[in-house]
Each structure stands twice: as C-alpha cells, then as structure tokens.
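Trainee: Below is the file upload_11.csv, which contains CSV, C-alpha atoms (C1' of nucleotides).
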chain,number,residue,atom,x,y,z
K,1,MET,CA,6.4,-11.5,8.3
K,2,GLN,CA,3.6,-13.7,7.0
K,3,LEU,CA,2.4,-14.9,3.6
K,4,THR,CA,-0.8,-13.1,2.6
K,5,ARG,CA,-4.1,-15.0,1.9
K,6,ARG,CA,-3.8,-14.0,-1.7
K,7,ALA,CA,-0.5,-15.8,-2.1
K,8,GLU,CA,-1.8,-18.8,-0.2
K,9,TYR,CA,-4.8,-19.0,-2.4
K,10,ALA,CA,-2.7,-18.6,-5.5
K,11,ILE,CA,-0.6,-21.6,-4.4
K,12,ARG,CA,-3.7,-23.7,-3.7
K,13,THR,CA,-5.1,-22.7,-7.0
K,14,MET,CA,-2.0,-23.6,-8.9
K,15,LEU,CA,-1.7,-26.9,-7.1
K,16,ASP,CA,-5.4,-27.6,-7.8
K,17,ILE,CA,-4.8,-27.1,-11.5
K,18,ALA,CA,-1.6,-29.1,-11.5
K,19,SER,CA,-3.5,-32.0,-9.9
K,20,ASN,CA,-6.1,-31.9,-12.6
K,21,LEU,CA,-5.7,-34.9,-14.9
K,22,ASP,CA,-8.2,-34.1,-17.7
K,23,ASP,CA,-7.1,-31.5,-20.2
K,24,GLN,CA,-10.3,-29.6,-19.8
K,25,PRO,CA,-9.5,-26.1,-18.4
K,26,LEU,CA,-10.7,-25.7,-14.8
K,27,MET,CA,-13.2,-23.1,-13.9
K,28,SER,CA,-12.6,-20.6,-11.1
K,29,LYS,CA,-15.8,-21.6,-9.6
K,30,GLU,CA,-14.8,-25.3,-9.2
K,31,ILE,CA,-11.4,-24.3,-7.8
K,32,ALA,CA,-12.9,-21.9,-5.4
K,33,ALA,CA,-15.3,-24.5,-4.1
K,34,ARG,CA,-12.7,-27.3,-3.8
K,35,GLN,CA,-10.0,-25.1,-2.2
K,36,ASP,CA,-12.2,-23.1,0.1
K,37,ILE,CA,-11.4,-19.8,-1.5
K,38,PRO,CA,-14.1,-17.0,-1.8
K,39,LEU,CA,-15.0,-17.0,-5.4
K,40,ASN,CA,-15.0,-13.3,-5.8
K,41,PHE,CA,-11.6,-13.1,-4.3
K,42,LEU,CA,-10.2,-15.8,-6.5
K,43,ILE,CA,-11.5,-14.0,-9.5
K,44,GLN,CA,-9.3,-11.2,-8.6
K,45,ILE,CA,-6.2,-13.4,-8.1
K,46,VAL,CA,-6.5,-15.3,-11.4
K,47,PRO,CA,-5.7,-12.3,-13.6
K,48,GLU,CA,-2.5,-11.7,-11.6
K,49,LEU,CA,-1.4,-15.3,-12.2
K,50,ARG,CA,-2.2,-14.8,-15.8
K,51,SER,CA,-0.2,-11.6,-16.2
K,52,ALA,CA,2.7,-13.3,-14.5
K,53,GLY,CA,2.5,-15.8,-17.3
K,54,LEU,CA,1.8,-18.8,-15.0
K,55,ILE,CA,-1.6,-19.6,-16.5
K,56,HIS,CA,-3.7,-19.2,-19.6
K,57,THR,CA,-7.3,-18.4,-19.3
K,58,VAL,CA,-10.0,-19.1,-21.9
K,59,ARG,CA,-13.0,-16.8,-21.8
K,60,GLY,CA,-16.6,-17.7,-22.6
K,61,SER,CA,-18.7,-20.7,-22.1
K,62,GLY,CA,-16.5,-23.8,-21.8
K,63,GLY,CA,-13.6,-21.7,-20.8
K,64,GLY,CA,-11.4,-21.9,-17.7
K,65,ILE,CA,-7.8,-22.0,-16.6
K,66,TYR,CA,-4.8,-24.1,-17.5
K,67,LEU,CA,-1.1,-24.0,-16.7
K,68,THR,CA,1.4,-22.6,-19.2
K,69,LYS,CA,4.3,-24.7,-17.9
K,70,LYS,CA,4.9,-28.1,-16.6
K,71,PRO,CA,4.3,-28.5,-12.9
K,72,SER,CA,7.9,-29.5,-12.5
K,73,GLU,CA,9.0,-26.1,-13.8
K,74,ILE,CA,6.9,-24.0,-11.4
K,75,SER,CA,8.4,-23.3,-8.0
K,76,LEU,CA,6.6,-22.0,-4.9
K,77,ARG,CA,8.9,-19.0,-5.0
K,78,TYR,CA,7.7,-18.1,-8.5
K,79,ILE,CA,4.1,-18.3,-7.5
K,80,VAL,CA,4.5,-16.2,-4.3
K,81,GLU,CA,6.5,-13.6,-6.1
K,82,ALA,CA,3.9,-13.4,-8.9
K,83,ILE,CA,1.4,-12.3,-6.3
K,84,GLU,CA,3.4,-10.4,-3.7
K,85,GLY,CA,6.3,-9.2,-5.7
K,86,PRO,CA,9.9,-9.9,-4.8
K,87,ILE,CA,10.4,-11.5,-1.4
K,88,ALA,CA,12.4,-9.3,1.0
K,89,LEU,CA,12.5,-10.3,4.7
K,90,ASN,CA,13.9,-6.9,5.6
K,91,GLN,CA,13.5,-3.5,3.9
K,92,CYS,CA,17.2,-3.4,3.3
K,93,LEU,CA,17.0,-6.5,1.1
K,94,ILE,CA,14.7,-4.8,-1.5
K,95,GLY,CA,16.2,-4.5,-4.9
K,96,ASP,CA,19.9,-5.2,-5.1
K,97,ALA,CA,20.1,-3.0,-2.0
K,98,SER,CA,23.2,-2.9,0.1
K,99,CYS,CA,22.3,-1.4,3.4
K,100,GLU,CA,22.5,2.4,3.3
K,101,ARG,CA,23.6,2.4,7.0
K,102,GLN,CA,27.1,0.9,6.6
K,103,PRO,CA,29.2,-0.4,3.8
K,104,ARG,CA,28.7,-3.8,5.4
K,105,CYS,CA,26.0,-3.7,8.0
K,106,PRO,CA,26.1,-7.0,10.0
K,107,ILE,CA,22.4,-7.0,10.5
K,108,HIS,CA,21.8,-6.7,6.8
K,109,GLU,CA,24.0,-9.7,6.1
K,110,VAL,CA,22.3,-11.9,8.6
K,111,TRP,CA,18.9,-11.2,7.1
K,112,ALA,CA,20.3,-11.8,3.6
K,113,LEU,CA,21.5,-15.3,4.8
K,114,ALA,CA,18.2,-16.1,6.5
K,115,GLN,CA,16.4,-15.1,3.3
K,116,ARG,CA,18.7,-17.3,1.1
K,117,GLN,CA,18.0,-20.2,3.3
K,118,MET,CA,14.3,-19.7,3.1
K,119,LEU,CA,14.2,-19.0,-0.6
K,120,ALA,CA,16.2,-22.1,-1.3
K,121,VAL,CA,13.3,-24.2,0.1
K,122,LEU,CA,10.7,-22.3,-1.8
K,123,GLU,CA,12.7,-22.5,-5.0
K,124,ALA,CA,13.4,-26.2,-4.7
K,125,THR,CA,9.7,-27.0,-4.2
K,126,THR,CA,7.8,-27.4,-7.4
K,127,LEU,CA,4.1,-28.1,-8.1
K,128,ALA,CA,5.1,-31.5,-9.4
K,129,GLY,CA,6.7,-32.4,-6.1
K,130,LEU,CA,3.6,-31.2,-4.2
K,131,VAL,CA,1.2,-33.1,-6.5
K,132,ASP,CA,3.2,-36.3,-6.1
K,133,GLN,CA,2.8,-36.1,-2.4
K,134,SER,CA,-0.9,-35.3,-2.4
K,135,GLN,CA,-1.5,-38.2,-4.7
K,136,SER,CA,0.7,-40.8,-3.0
K,137,GLY,CA,-1.5,-39.6,-0.1
K,138,LYS,CA,-2.6,-42.6,1.8
K,139,LYS,CA,0.0,-44.9,0.4
K,140,ALA,CA,2.8,-46.5,2.3
K,141,GLY,CA,5.6,-44.3,1.1
K,142,LYS,CA,6.0,-41.5,3.6
K,143,THR,CA,8.1,-39.1,1.5
K,144,SER,CA,6.8,-35.6,1.8
K,145,ALA,CA,7.5,-32.9,-0.7
K,146,ALA,CA,9.2,-31.1,2.2
K,147,ALA,CA,11.4,-34.1,2.9
K,148,ASP,CA,12.4,-34.3,-0.8
K,149,VAL,CA,13.3,-30.7,-0.7
K,150,ALA,CA,15.2,-31.1,2.5
K,151,SER,CA,17.3,-33.8,1.0
K,152,LYS,CA,17.7,-31.9,-2.2
K,153,ILE,CA,19.3,-29.0,-0.4
K,154,ASN,CA,20.9,-31.6,1.8
K,155,ASN,CA,21.2,-29.3,4.8
K,156,GLU,CA,18.3,-29.3,7.0
K,157,VAL,CA,19.0,-27.8,10.3
K,158,GLU,CA,17.7,-29.4,13.5
K,159,LEU,CA,15.6,-27.0,15.3
K,160,GLU,CA,12.2,-27.2,16.8
K,161,VAL,CA,9.7,-24.8,15.3
O,1,MET,CA,6.5,-11.0,4.6
O,2,GLN,CA,8.7,-8.4,6.0
O,3,LEU,CA,10.3,-7.4,9.3
O,4,THR,CA,8.5,-4.3,10.8
O,5,ARG,CA,10.3,-1.1,11.6
O,6,ARG,CA,9.6,-1.7,15.2
O,7,ALA,CA,11.6,-4.9,15.2
O,8,GLU,CA,14.4,-3.5,13.1
O,9,TYR,CA,14.7,-0.6,15.5
O,10,ALA,CA,14.6,-3.0,18.5
O,11,ILE,CA,17.5,-4.9,16.9
O,12,ARG,CA,19.5,-1.8,16.4
O,13,THR,CA,18.8,-0.6,19.9
O,14,MET,CA,19.9,-3.9,21.4
O,15,LEU,CA,23.1,-3.9,19.3
O,16,ASP,CA,23.8,-0.3,20.3
O,17,ILE,CA,23.6,-1.2,23.9
O,18,ALA,CA,25.6,-4.3,23.5
O,19,SER,CA,28.3,-2.3,21.8
O,20,ASN,CA,28.5,0.1,24.7
O,21,LEU,CA,31.7,-0.4,26.7
O,22,ASP,CA,31.0,1.8,29.8
O,23,ASP,CA,28.8,0.4,32.4
O,24,GLN,CA,26.7,3.6,32.4
O,25,PRO,CA,23.2,2.9,31.3
O,26,LEU,CA,22.4,4.4,27.9
O,27,MET,CA,19.6,6.9,27.4
O,28,SER,CA,16.9,6.4,24.8
O,29,LYS,CA,17.8,9.8,23.4
O,30,GLU,CA,21.4,8.9,22.7
O,31,ILE,CA,20.4,5.6,21.1
O,32,ALA,CA,17.7,7.2,19.0
O,33,ALA,CA,20.2,9.8,17.6
O,34,ARG,CA,23.0,7.3,17.0
O,35,GLN,CA,20.7,4.7,15.3
O,36,ASP,CA,18.4,7.0,13.4
O,37,ILE,CA,15.3,6.1,15.2
O,38,PRO,CA,12.5,8.6,15.9
O,39,LEU,CA,12.8,9.2,19.6
O,40,ASN,CA,9.1,9.1,20.3
O,41,PHE,CA,8.8,5.8,18.4
O,42,LEU,CA,11.8,4.3,20.3
O,43,ILE,CA,10.2,5.3,23.6
O,44,GLN,CA,7.3,3.1,22.7
O,45,ILE,CA,9.6,0.1,21.9
O,46,VAL,CA,11.7,0.2,25.0
O,47,PRO,CA,9.0,-0.9,27.4
O,48,GLU,CA,8.3,-3.9,25.1
O,49,LEU,CA,11.9,-4.9,25.3
O,50,ARG,CA,11.7,-4.5,29.1
O,51,SER,CA,8.6,-6.6,29.6
O,52,ALA,CA,10.2,-9.3,27.4
O,53,GLY,CA,13.0,-9.3,30.0
O,54,LEU,CA,15.7,-8.3,27.5
O,55,ILE,CA,16.7,-5.0,29.2
O,56,HIS,CA,16.5,-3.3,32.6
O,57,THR,CA,15.5,0.4,32.7
O,58,VAL,CA,16.4,2.9,35.4
O,59,ARG,CA,14.1,5.8,35.8
O,60,GLY,CA,14.9,9.3,36.8
O,61,SER,CA,17.9,11.5,36.3
O,62,GLY,CA,21.0,9.5,35.5
O,63,GLY,CA,18.8,6.6,34.4
O,64,GLY,CA,18.8,4.7,31.2
O,65,ILE,CA,18.9,1.2,29.7
O,66,TYR,CA,21.2,-1.8,30.1
O,67,LEU,CA,21.0,-5.5,29.1
O,68,THR,CA,19.9,-8.2,31.4
O,69,LYS,CA,21.9,-10.9,29.8
O,70,LYS,CA,25.2,-11.3,28.1
O,71,PRO,CA,25.2,-10.4,24.4
O,72,SER,CA,26.3,-14.0,23.6
O,73,GLU,CA,23.0,-15.2,25.1
O,74,ILE,CA,20.7,-12.9,23.1
O,75,SER,CA,19.7,-14.1,19.6
O,76,LEU,CA,18.1,-12.1,16.9
O,77,ARG,CA,15.1,-14.5,17.0
O,78,TYR,CA,14.6,-13.6,20.6
O,79,ILE,CA,14.6,-9.9,19.9
O,80,VAL,CA,12.3,-10.1,16.9
O,81,GLU,CA,9.8,-12.3,18.8
O,82,ALA,CA,9.9,-10.0,21.8
O,83,ILE,CA,8.5,-7.3,19.5
O,84,GLU,CA,6.4,-9.1,16.9
O,85,GLY,CA,5.4,-12.2,18.8
O,86,PRO,CA,6.1,-15.7,17.5
O,87,ILE,CA,7.4,-15.8,13.9
O,88,ALA,CA,5.0,-17.7,11.5
O,89,LEU,CA,5.7,-17.5,7.8
O,90,ASN,CA,2.3,-18.9,7.1
O,91,GLN,CA,-0.9,-18.6,9.0
O,92,CYS,CA,-1.0,-22.4,9.3
O,93,LEU,CA,2.2,-22.3,11.3
O,94,ILE,CA,0.8,-20.3,14.2
O,95,GLY,CA,0.8,-22.1,17.5
O,96,ASP,CA,1.5,-25.8,17.3
O,97,ALA,CA,-0.8,-25.8,14.4
O,98,SER,CA,-1.1,-28.7,12.1
O,99,CYS,CA,-2.9,-27.5,9.0
O,100,GLU,CA,-6.6,-27.8,9.4
O,101,ARG,CA,-6.9,-28.6,5.7
O,102,GLN,CA,-5.4,-32.1,5.6
O,103,PRO,CA,-3.7,-34.3,8.1
O,104,ARG,CA,-0.5,-33.7,6.3
O,105,CYS,CA,-0.9,-30.8,3.9
O,106,PRO,CA,2.2,-30.7,1.6
O,107,ILE,CA,2.1,-26.9,1.5
O,108,HIS,CA,2.1,-26.6,5.2
O,109,GLU,CA,5.2,-28.8,5.5
O,110,VAL,CA,7.1,-26.8,3.0
O,111,TRP,CA,6.5,-23.6,4.8
O,112,ALA,CA,7.5,-25.3,8.1
O,113,LEU,CA,10.8,-26.3,6.5
O,114,ALA,CA,11.4,-22.8,5.1
O,115,GLN,CA,10.7,-21.4,8.5
O,116,ARG,CA,13.0,-23.8,10.3
O,117,GLN,CA,15.8,-22.8,7.9
O,118,MET,CA,15.2,-19.1,8.5
O,119,LEU,CA,14.9,-19.4,12.2
O,120,ALA,CA,18.1,-21.4,12.4
O,121,VAL,CA,19.9,-18.4,11.1
O,122,LEU,CA,18.2,-15.9,13.4
O,123,GLU,CA,18.8,-18.2,16.4
O,124,ALA,CA,22.4,-18.8,15.7
O,125,THR,CA,23.0,-15.0,15.4
O,126,THR,CA,23.7,-13.4,18.8
O,127,LEU,CA,24.4,-9.8,19.7
O,128,ALA,CA,27.9,-10.8,20.6
O,129,GLY,CA,28.6,-12.1,17.1
O,130,LEU,CA,27.2,-8.9,15.6
O,131,VAL,CA,29.2,-6.7,17.9
O,132,ASP,CA,32.4,-8.6,17.1
O,133,GLN,CA,31.9,-7.9,13.4
O,134,SER,CA,31.1,-4.2,13.9
O,135,GLN,CA,34.2,-3.7,15.9
O,136,SER,CA,36.6,-5.7,13.8
O,137,GLY,CA,35.1,-3.4,11.2
O,138,LYS,CA,37.9,-2.0,9.1
O,139,LYS,CA,40.4,-4.7,10.1
O,140,ALA,CA,41.9,-7.3,7.8
O,141,GLY,CA,39.8,-10.2,9.1
O,142,LYS,CA,36.8,-10.5,6.8
O,143,THR,CA,34.7,-12.8,8.9
O,144,SER,CA,31.2,-11.5,9.0
O,145,ALA,CA,28.6,-12.5,11.6
O,146,ALA,CA,26.6,-14.0,8.8
O,147,ALA,CA,29.6,-16.1,7.7
O,148,ASP,CA,30.1,-17.3,11.2
O,149,VAL,CA,26.5,-18.3,11.4
O,150,ALA,CA,26.7,-19.9,8.0
O,151,SER,CA,29.5,-22.1,9.1
O,152,LYS,CA,27.9,-22.8,12.4
O,153,ILE,CA,24.9,-24.2,10.7
O,154,ASN,CA,27.3,-25.7,8.2
O,155,ASN,CA,24.8,-25.8,5.4
O,156,GLU,CA,24.6,-22.7,3.5
O,157,VAL,CA,22.8,-23.1,0.2
O,158,GLU,CA,24.1,-21.6,-3.0
O,159,LEU,CA,21.6,-19.3,-4.4
O,160,GLU,CA,21.6,-15.9,-5.7
O,161,VAL,CA,19.2,-13.6,-3.8
E,1,DC,C1',-29.2,-14.9,-28.6
E,2,DT,C1',-28.2,-16.3,-24.3
E,3,DA,C1',-26.1,-18.3,-20.6
E,4,DA,C1',-21.5,-19.4,-19.2
E,5,DA,C1',-17.3,-17.8,-18.2
E,6,DC,C1',-13.5,-14.5,-17.6
E,7,DT,C1',-12.4,-9.0,-17.0
E,8,DT,C1',-12.3,-4.6,-15.1
E,9,DA,C1',-13.0,-1.3,-11.8
E,10,DA,C1',-14.9,0.3,-7.6
E,11,DG,C1',-15.9,0.2,-3.0
E,12,DT,C1',-15.2,-1.1,2.0
E,13,DA,C1',-14.6,-2.5,6.8
E,14,DA,C1',-11.0,-3.9,9.8
E,15,DA,C1',-6.3,-4.4,11.0
E,16,DT,C1',-1.6,-3.0,10.8
E,17,DT,C1',2.1,0.2,10.4
E,18,DG,C1',4.8,4.0,11.6
E,19,DG,C1',4.5,7.6,13.9
E,20,DT,C1',3.3,11.9,17.2
E,21,DA,C1',1.7,14.1,21.4
E,22,DA,C1',0.7,14.9,26.1
E,23,DA,C1',0.4,14.0,30.7
E,24,DC,C1',2.5,11.4,34.4
E,25,DT,C1',5.9,9.1,37.6
E,26,DT,C1',10.3,8.4,39.4
E,27,DT,C1',14.8,9.8,41.1
E,28,DA,C1',19.5,12.1,41.3
E,29,DT,C1',21.3,16.3,42.5
E,30,DG,C1',21.9,20.9,44.3
C,1,DC,C1',12.6,20.2,48.8
C,2,DA,C1',12.6,22.0,44.1
C,3,DT,C1',13.8,20.8,39.7
C,4,DA,C1',15.2,18.8,35.7
C,5,DA,C1',16.3,14.5,33.7
C,6,DA,C1',14.8,10.3,32.6
C,7,DG,C1',11.5,6.5,31.7
C,8,DT,C1',5.9,5.3,31.6
C,9,DT,C1',1.4,5.3,30.0
C,10,DT,C1',-2.2,6.4,27.2
C,11,DA,C1',-4.3,8.2,23.4
C,12,DC,C1',-4.5,9.6,19.0
C,13,DC,C1',-3.6,9.7,13.9
C,14,DA,C1',-3.0,9.3,8.8
C,15,DA,C1',-1.6,6.1,5.4
C,16,DT,C1',-1.4,1.6,3.8
C,17,DT,C1',-2.6,-3.2,3.4
C,18,DT,C1',-5.6,-6.9,3.7
C,19,DA,C1',-9.4,-9.6,2.6
C,20,DC,C1',-13.1,-9.2,0.7
C,21,DT,C1',-17.8,-7.8,-1.9
C,22,DT,C1',-20.3,-5.7,-5.7
C,23,DA,C1',-21.5,-4.5,-10.1
C,24,DA,C1',-21.1,-3.6,-14.7
C,25,DG,C1',-18.8,-5.2,-18.4
C,26,DT,C1',-16.9,-8.5,-22.5
C,27,DT,C1',-16.2,-12.8,-24.8
C,28,DT,C1',-17.6,-17.1,-26.8
C,29,DA,C1',-19.7,-21.9,-27.3
C,30,DG,C1',-23.8,-23.8,-28.6
Is it possible to express this structure as structure tokens?
Mentor:
Amino acid sequence: MQLTRRAEYAIRTMLDIASNLDDQPLMSKEIAARQDIPLNFLIQIVPELRSAGLIHTVRGSGGGIYLTKKPSEISLRYIVEAIEGPIALNQCLIGDASCERQPRCPIHEVWALAQRQMLAVLEATTLAGLVDQSQSGKKAGKTSAAADVASKINNEVELEV
Amino acid sequence: MQLTRRAEYAIRTMLDIASNLDDQPLMSKEIAARQDIPLNFLIQIVPELRSAGLIHTVRGSGGGIYLTKKPSEISLRYIVEAIEGPIALNQCLIGDASCERQPRCPIHEVWALAQRQMLAVLEATTLAGLVDQSQSGKKAGKTSAAADVASKINNEVELEV
DNA sequence: CTAAACTTAAGTAAATTGGTAAACTTTATG
DNA sequence: CATAAAGTTTACCAATTTACTTAAGTTTAG
C-alpha cells in the first residue's frame, strides 16, 4: 500500500529536470547527488523513464537527460505508472476487472471509488505545478501545488490524516 | 501500492460476520469456506482482528467469532489498519512525518492530499453500509455502498479508472 | 583515442507475501 | 472425565519484491 522508492526517485528526477532552466541536458550523476538518490539505482530507473517516453537521453560525453514534453503535460500519475505499471489499490481493480466474486461486489466498488479519488489528485498534479511551488518557495504566496490541486478538483474532504 | 490478501480476507471475514443474522458465533471454518479463504491462513488473521478489538472469540466446542461493535461503527479503514497498520501511501507520510527533505516538500503534500481523499472513502464506508447493499442485492434499488459513500462525501470526481 | 556518459545484464541481501503445518489450550457435551 | 470441537501459538517455507551494487559493455564529443 505504499509507493516504491523507485517511483519516488522517478518523481524527484522528473521534478529535478523540470526545474532545470538551462537547456543543457542533465546528467544522472548531478541529479543523483542533488536528489539524494543512489547513482547506480538511478541509472536503472532512467531507462524505464525513457522507454515510457517521458525523457530523451543523449549518450556520450556532453550527454544527459531532458524531458520530451512540457512539465504542464506530465502528471504524477503518469510518472508513477511509468515505473510501477497501472495503479490498482486492490487486486480486483487490475485490468478492466469486475470482481469475479459477485456481479457487483460492494467491496470492489468501494475500492474503485477510493482509487478514483486518489488518482484524481495524482492526475491533476503536474510537474509544472510542483515546480511553481518549489520556486515560489520562500515568497509570500502560500499556494501549494496540493492546494491548487485541491481547488482544481474542488472537493477536498475534511479529515485528519 | 496494493491491499494485501490478509487485509482483503479480513474485510470479507468481517462482512461475513456482520451479515450473519443468528446470534450464534460463526466458526472460522464456515467463514473460510463461504468466503474462499484458505482456512489455515484465516486462522492466522483472526487473532489479529481480535487483538485489534474488532471481534470476540469463544474457544472450545460451540465457540466461534462475533463482532464487538455494531456494523455501523466499523469502517473499512479500521479493518485495514487493524491488519496492515497505519495506511501511508508514501514513506514520508508515516507517523506525523513532515518530509525530511524540505520544510514543505511539494511532493509530500500532494501525496498527503491523495491519501486524505482515499481515506475519506474508506472511513465513510461501514460494514452496515456494505451489508445493506449485499442484501438489497437483486432488488430494484440500485444504491451501492460506494454510491452512498460518494454522496456522503459529496465530492466524487469524474475520472475514468 | 580517450574520457565522459548512458546501456545492459547480473547478482544479492533483506523484507514481504501468501501460505502450510503441527502442537497446544480451552470448553461444551455425553 | 473423556473426547471432540474450537480457537491459539509458534514455526516454517517458497516465491516475489525491494533496493541496491557490480561489472562489462557501447556511444560520442573533443
């Protein structure tokens, strides 16, 4: 029931690249150092992001990594699923999957709803939104990416975590 | 990122007991057969539900299991956390946990929001709601427990899963 | 041609998952 | 009080996943 380190590192990596202002491609080594990711582990994650079409990589001296899309077009959901495959909170939500137990299993439907609620947040959150917040950082404006998302899906529930 | 079998079986077990109309305690063996749970596995789960205070067990011949609370007072969240411990979609959400990376890490806050959305559903879903739906089963009324919950938290997001 | 950079393919220790098995304790009932 | 029915406890296990590490490539700028 928890995000893997791989996916967390993938998110940090994508965010690191999206925050990069030069148009030089970034090297894995820099990213690893800046984001506290074991280099040899990151080096394994990068090709997965590439085969998912999220980044381009340039080999050889002077090479590195850059994004293939605009940060505003890359959602957290997309990044997570690039690494972990489709998100399914319950086994019965894999694929199109209606529960095999009953035509309409009540448990199945509750998990489906919980998952929709969660995915809505991950889908509404883009790298652009996250970068904005990181960069407004110390400034007066206290809008968080999460707050943006919350207002976007205009339905945050009051509940202590 | 997925519910374990243990927790799924725990939910089925609790729902099975809540659906029981007699006030005879139910035996693990019956429950296992009815809910397609390997008996020897269920037998391992039952004591966990008991130490979480969700059920009482009666030993010896004629013994079995019954609920300690009313089905309307038992939420899915409670059952899941009895088995898996506190739900945390990201490592940085364990405990009270503010992210150690930044005072306000944008990634952390997004996951916190996603988790609140998900937990709201699991918390609003009680065994009573699920039993209602199972039993209205074939009838005309098409209210699902999930639909009830959705209206309760009055904010379901449109999104294809 | 060589150092910088990504690529590919193994390997690995530890934890988790989903079970199974066996020995034990408690208790109703005859 | 004997016995069978029921839950309890403990231990074990194989497969998978996780989070890495290592090492031997390949590509390319300069």
Trainee: As a PyMOL selection string, could you give me every residue of chain K near chain C (at most 7 Å apart, counting only C-alpha atoms (C1' of nucleotides))?
Mentor: chain K and resi 41+59-62
Trainee: Quick one, how far is CA of Gln115 (chain O) from CA of Asn90 (chain O)?
Mentor: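 Atom-to-atom, CA of Gln115 (chain O) and CA of Asn90 (chain O) are spaced 8.9 Å apart.
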Trainee: Show me, as a PyMOL selection string, the residues that have an atom within 12 Å of Gly95 (chain K) when counting only C-alpha atoms (C1' of nucleotides), minus same-chain residues fewer than 4 positions from it.
Mentor: (chain K and resi 85-91+99+112) or (chain O and resi 161)
Trainee: Residues as selected, C-alpha atoms, written as a PDB file, in the frame of the given file, can you do that?
Mentor:
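To be explicit, this is the file written out as result_8.pdb:
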ATOM      1  CA  GLY K  85       6.300  -9.200  -5.700  1.00  0.00           C
ATOM      2  CA  PRO K  86       9.900  -9.900  -4.800  1.00  0.00           C
ATOM      3  CA  ILE K  87      10.400 -11.500  -1.400  1.00  0.00           C
ATOM      4  CA  ALA K  88      12.400  -9.300   1.000  1.00  0.00           C
ATOM      5  CA  LEU K  89      12.500 -10.300   4.700  1.00  0.00           C
ATOM      6  CA  ASN K  90      13.900  -6.900   5.600  1.00  0.00           C
ATOM      7  CA  GLN K  91      13.500  -3.500   3.900  1.00  0.00           C
ATOM      8  CA  CYS K  99      22.300  -1.400   3.400  1.00  0.00           C
ATOM      9  CA  ALA K 112      20.300 -11.800   3.600  1.00  0.00           C
TER      10      ALA K 112
ATOM     11  CA  VAL O 161      19.200 -13.600  -3.800  1.00  0.00           C
TER      12      VAL O 161
END
Trainee: Show me, as a list in words, every residue of chain K with an atom at most 7 Å from chain O, counting all atoms listed in the file.
Mentor: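 Result: Met1, Gln2, Leu3, Ala88, Leu89, Asn90, Pro106, Glu109, Val110, Leu113, Ala114, Gln115, Arg116, Gln117, Met118, Ala120, Val121, Leu122, Leu130, Gln133, Ser134, Ser144, Ala145, Ala146, Ile153, Asn155, Val157, Leu159 and Val161 of chain K.
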Trainee: Choose the residue, out of E:DA28, E:DA10, E:DA22, E:DA5, that has the smallest atom-to-atom separation from chain O; count all atoms listed in the file.
Mentor: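 Of E:DA28, E:DA10, E:DA22, E:DA5, the one nearest chain O is E:DA28, counting all atoms listed in the file.
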Trainee: In Å, with one decimal, what is the gap from CA of Ile79 (chain O) to CA of Ile83 (chain K)?
Mentor: 29.4 Å
Trainee: Give me, please, the distance in Å between CA of Ala18 (chain K) and CA of Ala128 (chain K), quoted to one decimal.
Mentor: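 Here the two named atoms are 7.4 Å from each other.
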Trainee: Residues of chain E within 12 Å of chain K, using all atoms listed in the file, as a PDB file with C-alpha atoms (C1' of nucleotides), keeping the file's coordinate frame?
Mentor:
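Saved file selection.pdb follows:
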ATOM      1  C1'  DT E   2     -28.200 -16.300 -24.300  1.00  0.00           C
ATOM      2  C1'  DA E   3     -26.100 -18.300 -20.600  1.00  0.00           C
ATOM      3  C1'  DA E   4     -21.500 -19.400 -19.200  1.00  0.00           C
ATOM      4  C1'  DA E   5     -17.300 -17.800 -18.200  1.00  0.00           C
ATOM      5  C1'  DC E   6     -13.500 -14.500 -17.600  1.00  0.00           C
ATOM      6  C1'  DT E   7     -12.400  -9.000 -17.000  1.00  0.00           C
ATOM      7  C1'  DT E   8     -12.300  -4.600 -15.100  1.00  0.00           C
ATOM      8  C1'  DA E   9     -13.000  -1.300 -11.800  1.00  0.00           C
ATOM      9  C1'  DT E  16      -1.600  -3.000  10.800  1.00  0.00           C
TER      10       DT E  16
END
Trainee: Leaving out region 67-70 of chain K and any residue of its chain fewer than 5 positions from it, which residues lie within 8 Å of it when counting only C-alpha atoms (C1' of nucleotides), given as a ChimeraX atom specification?
Mentor: /K:14,17-18,53-56,128
Trainee: Hey, which of O:Gln135, O:Glu100, O:Thr126, O:Tyr66 ends up closest to Leu26 (chain O)? Count all atoms listed in the file.
Mentor: O:Tyr66
